[in-house]
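Here is protein_11.csv, consisting of CSV, C-alpha atoms:
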```
chain,number,residue,atom,x,y,z
H,24,MET,CA,5.1,-22.9,8.1
H,25,THR,CA,6.4,-19.3,7.8
H,26,THR,CA,3.9,-16.4,7.3
H,27,ALA,CA,5.0,-13.0,6.2
H,28,LEU,CA,3.3,-9.7,6.8
H,29,PHE,CA,3.3,-7.4,3.8
H,30,ILE,CA,2.1,-3.9,4.7
H,31,GLY,CA,0.9,-1.4,2.2
H,32,ARG,CA,-2.0,0.9,1.3
H,33,PHE,CA,-2.3,-0.5,-2.3
H,34,GLN,CA,-3.9,2.6,-3.7
H,35,PRO,CA,-4.2,1.0,-6.3
H,36,PHE,CA,-2.7,-2.4,-6.2
H,37,HIS,CA,-0.1,-2.3,-9.1
H,38,CYS,CA,2.3,-4.7,-10.9
H,39,GLY,CA,5.1,-3.8,-8.5
H,40,HIS,CA,2.9,-5.0,-5.6
H,41,LEU,CA,2.2,-8.2,-7.4
H,42,LYS,CA,5.9,-8.8,-8.1
H,43,ALA,CA,6.8,-8.1,-4.5
H,44,LEU,CA,4.1,-10.5,-3.3
H,45,GLU,CA,5.4,-13.3,-5.6
H,46,TYR,CA,8.9,-12.5,-4.3
H,47,ILE,CA,7.8,-12.8,-0.7
H,48,LEU,CA,6.1,-16.1,-1.5
H,49,GLU,CA,9.3,-17.5,-2.8
H,50,LYS,CA,10.7,-17.2,0.8
H,51,ASN,CA,7.5,-17.8,2.8
H,52,GLU,CA,4.6,-20.3,2.7
H,53,SER,CA,1.9,-17.6,3.1
H,54,VAL,CA,1.5,-13.9,3.2
H,55,LEU,CA,-0.8,-11.6,5.1
H,56,LEU,CA,-1.5,-8.6,2.9
H,57,MET,CA,-2.2,-5.8,5.4
H,58,LEU,CA,-4.2,-3.0,3.9
H,59,GLY,CA,-3.1,0.0,5.9
H,60,SER,CA,-5.2,3.1,6.4
H,61,ALA,CA,-8.3,1.0,6.2
H,62,GLN,CA,-10.5,3.8,7.5
H,63,GLU,CA,-9.5,6.1,4.7
H,64,SER,CA,-11.2,6.5,1.4
H,65,ASN,CA,-12.3,9.2,-1.1
H,66,THR,CA,-9.1,11.3,-0.8
H,67,TRP,CA,-6.3,11.8,-3.3
H,68,ASP,CA,-3.9,9.7,-1.2
H,69,ASN,CA,-6.4,7.0,-0.4
H,70,PRO,CA,-9.1,7.0,-3.1
H,71,PHE,CA,-10.3,3.4,-2.5
H,72,SER,CA,-12.0,2.0,0.6
H,73,ALA,CA,-10.8,-1.2,2.2
H,74,LYS,CA,-13.7,-3.0,0.6
H,75,GLU,CA,-12.8,-1.8,-2.9
H,76,ARG,CA,-9.1,-2.7,-2.4
H,77,ILE,CA,-10.1,-6.2,-1.2
H,78,GLN,CA,-12.3,-6.7,-4.3
H,79,MET,CA,-9.6,-5.6,-6.8
H,80,ILE,CA,-6.8,-7.5,-5.1
H,81,SER,CA,-8.9,-10.6,-4.6
H,82,ALA,CA,-9.5,-10.7,-8.4
H,83,VAL,CA,-5.7,-10.5,-9.0
H,84,LEU,CA,-5.0,-13.3,-6.4
H,85,MET,CA,-7.5,-15.6,-8.0
H,86,ARG,CA,-6.1,-15.2,-11.5
H,87,ALA,CA,-2.5,-15.5,-10.3
H,88,GLY,CA,-3.3,-18.7,-8.3
H,89,LEU,CA,-2.3,-17.0,-5.1
H,90,ALA,CA,-5.7,-16.9,-3.3
H,91,GLY,CA,-4.8,-19.8,-1.1
H,92,LYS,CA,-1.5,-18.3,-0.1
H,93,ALA,CA,-2.4,-14.7,0.6
H,94,THR,CA,-4.9,-13.3,3.1
H,95,LEU,CA,-6.1,-9.7,2.9
H,96,VAL,CA,-6.5,-8.0,6.3
H,97,PRO,CA,-7.6,-4.3,6.5
H,98,VAL,CA,-6.2,-2.4,9.5
H,99,THR,CA,-7.0,1.1,10.5
H,100,ASP,CA,-4.4,3.7,11.5
H,101,ILE,CA,-4.2,4.8,15.2
H,102,GLY,CA,-1.8,7.8,14.9
H,103,ASP,CA,0.5,6.6,17.7
H,104,ASN,CA,3.8,4.9,16.7
H,105,LYS,CA,4.4,3.6,20.2
H,106,LEU,CA,1.2,1.5,20.1
H,107,TRP,CA,1.0,0.8,16.4
H,108,VAL,CA,2.8,-2.6,16.3
H,109,GLY,CA,0.6,-3.9,19.1
H,110,HIS,CA,-2.4,-2.6,17.3
H,111,VAL,CA,-1.4,-4.5,14.1
H,112,LYS,CA,-0.7,-7.7,16.1
H,113,THR,CA,-4.3,-7.5,17.6
H,114,HIS,CA,-5.9,-7.2,14.1
H,115,VAL,CA,-3.9,-9.7,12.0
H,116,PRO,CA,-3.3,-13.4,12.5
H,117,ALA,CA,0.1,-14.5,13.7
H,118,PHE,CA,3.1,-13.8,11.5
H,119,ASP,CA,6.8,-14.6,11.5
H,120,CYS,CA,8.4,-11.7,9.6
H,121,VAL,CA,7.6,-8.4,8.1
H,122,HIS,CA,8.2,-7.1,4.5
H,123,SER,CA,8.2,-3.4,3.9
H,124,ASN,CA,10.1,-0.6,2.3
H,125,ASN,CA,8.8,2.0,4.7
H,126,PRO,CA,11.6,3.1,7.0
H,127,LEU,CA,9.3,3.8,10.0
H,128,VAL,CA,7.5,0.5,9.6
H,129,LYS,CA,10.8,-1.4,9.5
H,130,LYS,CA,12.1,0.5,12.6
H,131,LEU,CA,9.0,-0.2,14.6
H,132,PHE,CA,8.8,-3.9,13.8
H,133,ARG,CA,12.6,-4.4,14.4
H,134,GLU,CA,12.2,-2.7,17.8
H,135,ALA,CA,9.4,-5.2,18.5
H,136,GLY,CA,11.7,-8.1,17.8
H,137,TYR,CA,10.6,-9.1,14.3
H,138,ALA,CA,12.7,-10.1,11.4
H,139,VAL,CA,12.2,-7.3,8.8
H,140,PHE,CA,13.0,-7.5,5.1
H,141,ASP,CA,12.8,-5.0,2.3
H,142,THR,CA,10.0,-5.6,-0.2
H,143,SER,CA,12.3,-5.3,-3.2
H,144,SER,CA,11.0,-2.5,-5.2
H,145,PHE,CA,10.2,-3.5,-8.7
H,146,ASP,CA,10.5,-0.6,-11.2
H,147,ARG,CA,9.6,1.8,-8.4
H,148,GLY,CA,10.1,4.8,-10.7
H,149,ARG,CA,7.1,3.7,-12.8
H,150,LEU,CA,5.2,1.6,-10.4
H,151,GLU,CA,4.2,3.9,-7.6
H,152,GLY,CA,0.6,4.5,-6.5
H,153,VAL,CA,0.8,8.3,-6.6
H,154,LYS,CA,2.3,8.2,-10.1
H,155,ILE,CA,-0.4,5.8,-11.4
H,156,ARG,CA,-3.1,8.0,-9.8
H,157,ALA,CA,-1.6,11.1,-11.5
H,158,LEU,CA,-1.6,9.3,-14.9
H,159,ILE,CA,-5.3,8.3,-14.4
H,160,ALA,CA,-6.2,11.8,-13.4
H,161,GLU,CA,-4.5,13.3,-16.5
H,162,SER,CA,-6.1,10.7,-18.8
H,163,LYS,CA,-2.7,9.3,-19.8
H,164,PRO,CA,-1.9,5.6,-20.3
H,165,TRP,CA,-1.8,3.8,-17.0
H,166,GLU,CA,-3.4,0.4,-17.6
H,167,GLU,CA,-0.1,-1.5,-18.2
H,168,ARG,CA,1.1,-0.5,-14.7
H,169,VAL,CA,-1.6,-2.4,-12.9
H,170,PRO,CA,-2.7,-6.1,-13.3
H,171,PRO,CA,-5.5,-6.4,-15.9
H,172,GLU,CA,-8.0,-7.2,-13.1
H,173,VAL,CA,-7.3,-3.9,-11.4
H,174,ALA,CA,-7.6,-1.9,-14.6
H,175,ALA,CA,-11.0,-3.7,-15.4
H,176,TYR,CA,-12.2,-3.1,-11.9
H,177,LEU,CA,-11.3,0.6,-11.9
H,178,LYS,CA,-13.1,1.2,-15.2
H,179,LEU,CA,-16.1,-0.9,-14.4
H,180,CYS,CA,-16.7,0.6,-10.9
H,181,GLY,CA,-15.8,4.2,-11.9
H,182,GLY,CA,-12.5,4.2,-9.9
H,183,ASP,CA,-10.8,6.1,-12.8
H,184,VAL,CA,-13.5,8.8,-12.6
H,185,LYS,CA,-13.2,9.0,-8.8
H,186,ILE,CA,-9.4,9.6,-9.1
H,187,LYS,CA,-10.0,12.4,-11.6
H,188,ARG,CA,-12.5,14.0,-9.2
H,189,LEU,CA,-10.1,13.7,-6.2
H,190,LYS,CA,-7.0,15.2,-7.9
H,191,PRO,CA,-6.0,18.3,-6.0
H,192,ALA,CA,-6.3,21.6,-7.9
H,193,PRO,CA,-3.0,23.2,-8.8
H,194,GLY,CA,-1.5,24.9,-5.8
H,195,LYS,CA,-3.8,22.9,-3.4
H,196,GLU,CA,-1.6,19.9,-3.1
H,197,LYS,CA,-0.9,18.7,0.4
H,198,PRO,CA,2.4,20.4,1.5
H,199,LYS,CA,5.4,18.1,2.0
H,200,MET,CA,6.5,18.1,5.7
H,201,THR,CA,9.9,19.7,6.1
H,202,PRO,CA,12.0,19.9,9.2
H,203,CYS,CA,11.5,23.1,11.2
H,204,LYS,CA,14.3,25.6,10.7
H,205,CYS,CA,13.3,27.8,13.6
H,206,LYS,CA,15.9,28.5,16.3
H,207,LYS,CA,15.1,27.6,19.8
H,208,LYS,CA,14.4,30.5,22.2
H,209,GLU,CA,17.1,30.7,24.8
```
Please go through the file and, once you have read it, give me the structure as structure tokens.
Amino acid sequence: MTTALFIGRFQPFHCGHLKALEYILEKNESVLLMLGSAQESNTWDNPFSAKERIQMISAVLMRAGLAGKATLVPVTDIGDNKLWVGHVKTHVPAFDCVHSNNPLVKKLFREAGYAVFDTSSFDRGRLEGVKIRALIAESKPWEERVPPEVAAYLKLCGGDVKIKRLKPAPGKEKPKMTPCKCKKKE
């Protein structure tokens, strides 16, 4: 039996995540959905707690008939790339391969000897967590980009209101990291 590890923050879980999960299950018997940054919540990048993400994703898995094939595992960040794969391995059940589109995640798991596969982005231009959060914050249509269970959960539990509250004020967005252009002192 092959078990895949599918790593993501799922903020929120959207239709692209569901399609990727179904794709991974075509090639594996079971999937461990690792909810990364499990210690984070109530920020623009990570609005939902691990418990909230588990609740919304579990509802999707039940409706899709995948609850018996996918296990949700929250894992905290440790801020140390050299130790991260070992940290993950101590917090999730055994797995045979890793699915991710994150270049660093792929590099770290390859270096640790795992087979690593792309997660096949499904309509990435539309189905990206930050874009969906922006639509919610701007009161624009977003519901068709997430499974119906996620849309219902967010509305019922005030997740849409939370996202609007967490949206950074103009000019206060987190700066993108760019390489240092400073010259070394000689």
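Going from CA of Lys92 (chain H) to CA of Tyr176 (chain H) covers 22.0 Å.
Taking all atoms listed in the file into account, Thr94 (chain H) lies nearest to H:Leu44 out of the set H:Ala174, H:Cys38, H:Leu44, H:Ile159.
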If we count all atoms listed in the file, what is near Phe132 (chain H) at a cut-off of 12 Å, once residues fewer than 6 positions away on the same chain are taken out, given as number ranges by chain?
H: 28-30, 104-112, 118-123, 125-126, 138-140
For Met79 (chain H), which residue out of H:Val96, H:Leu177, H:Ala192, H:Val184 is the nearest one, using only C-alpha atoms?
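For Met79 (chain H), the nearest of the given residues is H:Leu177.
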Out of H:Asp103, H:Arg133, H:Leu95, H:Glu167, which residue has the shortest atom-to-atom distance to Gln78 (chain H) when counting all atoms listed in the file?
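Between H:Asp103, H:Arg133, H:Leu95, H:Glu167, the residue approaching Gln78 (chain H) most closely is H:Leu95.
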d(CA of Ala93 (chain H), CA of Glu49 (chain H)) in Å
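Atom-to-atom, CA of Ala93 (chain H) to CA of Glu49 (chain H), that is 12.5 Å.
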Looking at H:Lys130, H:Arg76, H:His114, H:Lys154, which one is nearest to Gly182 (chain H), with distances taken over all atoms listed in the file?
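Smallest separation from Gly182 (chain H) among the options: H:Arg76.
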Which polymer residues, protein or nucleic acid, are no farther than 10 Å from (1.7, -1.5, -9.9), counting only C-alpha atoms, as an mmCIF file with C-alpha atoms, keeping the file's coordinate frame?
```
data_model
loop_
_atom_site.group_PDB
_atom_site.id
_atom_site.type_symbol
_atom_site.label_atom_id
_atom_site.label_comp_id
_atom_site.auth_asym_id
_atom_site.auth_seq_id
_atom_site.Cartn_x
_atom_site.Cartn_y
_atom_site.Cartn_z
ATOM 1 C CA PHE H 33 -2.300 -0.500 -2.300
ATOM 2 C CA GLN H 34 -3.900 2.600 -3.700
ATOM 3 C CA PRO H 35 -4.200 1.000 -6.300
ATOM 4 C CA PHE H 36 -2.700 -2.400 -6.200
ATOM 5 C CA HIS H 37 -0.100 -2.300 -9.100
ATOM 6 C CA CYS H 38 2.300 -4.700 -10.900
ATOM 7 C CA GLY H 39 5.100 -3.800 -8.500
ATOM 8 C CA HIS H 40 2.900 -5.000 -5.600
ATOM 9 C CA LEU H 41 2.200 -8.200 -7.400
ATOM 10 C CA LYS H 42 5.900 -8.800 -8.100
ATOM 11 C CA ALA H 43 6.800 -8.100 -4.500
ATOM 12 C CA PHE H 145 10.200 -3.500 -8.700
ATOM 13 C CA ASP H 146 10.500 -0.600 -11.200
ATOM 14 C CA ARG H 147 9.600 1.800 -8.400
ATOM 15 C CA ARG H 149 7.100 3.700 -12.800
ATOM 16 C CA LEU H 150 5.200 1.600 -10.400
ATOM 17 C CA GLU H 151 4.200 3.900 -7.600
ATOM 18 C CA GLY H 152 0.600 4.500 -6.500
ATOM 19 C CA LYS H 154 2.300 8.200 -10.100
ATOM 20 C CA ILE H 155 -0.400 5.800 -11.400
ATOM 21 C CA TRP H 165 -1.800 3.800 -17.000
ATOM 22 C CA GLU H 166 -3.400 0.400 -17.600
ATOM 23 C CA GLU H 167 -0.100 -1.500 -18.200
ATOM 24 C CA ARG H 168 1.100 -0.500 -14.700
ATOM 25 C CA VAL H 169 -1.600 -2.400 -12.900
ATOM 26 C CA PRO H 170 -2.700 -6.100 -13.300
ATOM 27 C CA VAL H 173 -7.300 -3.900 -11.400
#
```
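CA of Arg156 (chain H) is positioned 11.4 Å from CA of Pro191 (chain H).
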Among the residues H:Lys163, H:Lys129, H:Lys74, H:Lys50, the one that comes closest to Pro97 (chain H) [using only C-alpha atoms]:
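Residue with the minimum atom-to-atom distance to Pro97 (chain H): H:Lys74.
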With all atoms listed in the file as the atoms that count, which of H:Met24, H:Lys185, H:Leu56, H:Ala160 lies nearest to Ser72 (chain H)?
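Counting all atoms listed in the file, the residue closest to Ser72 (chain H) is H:Lys185.
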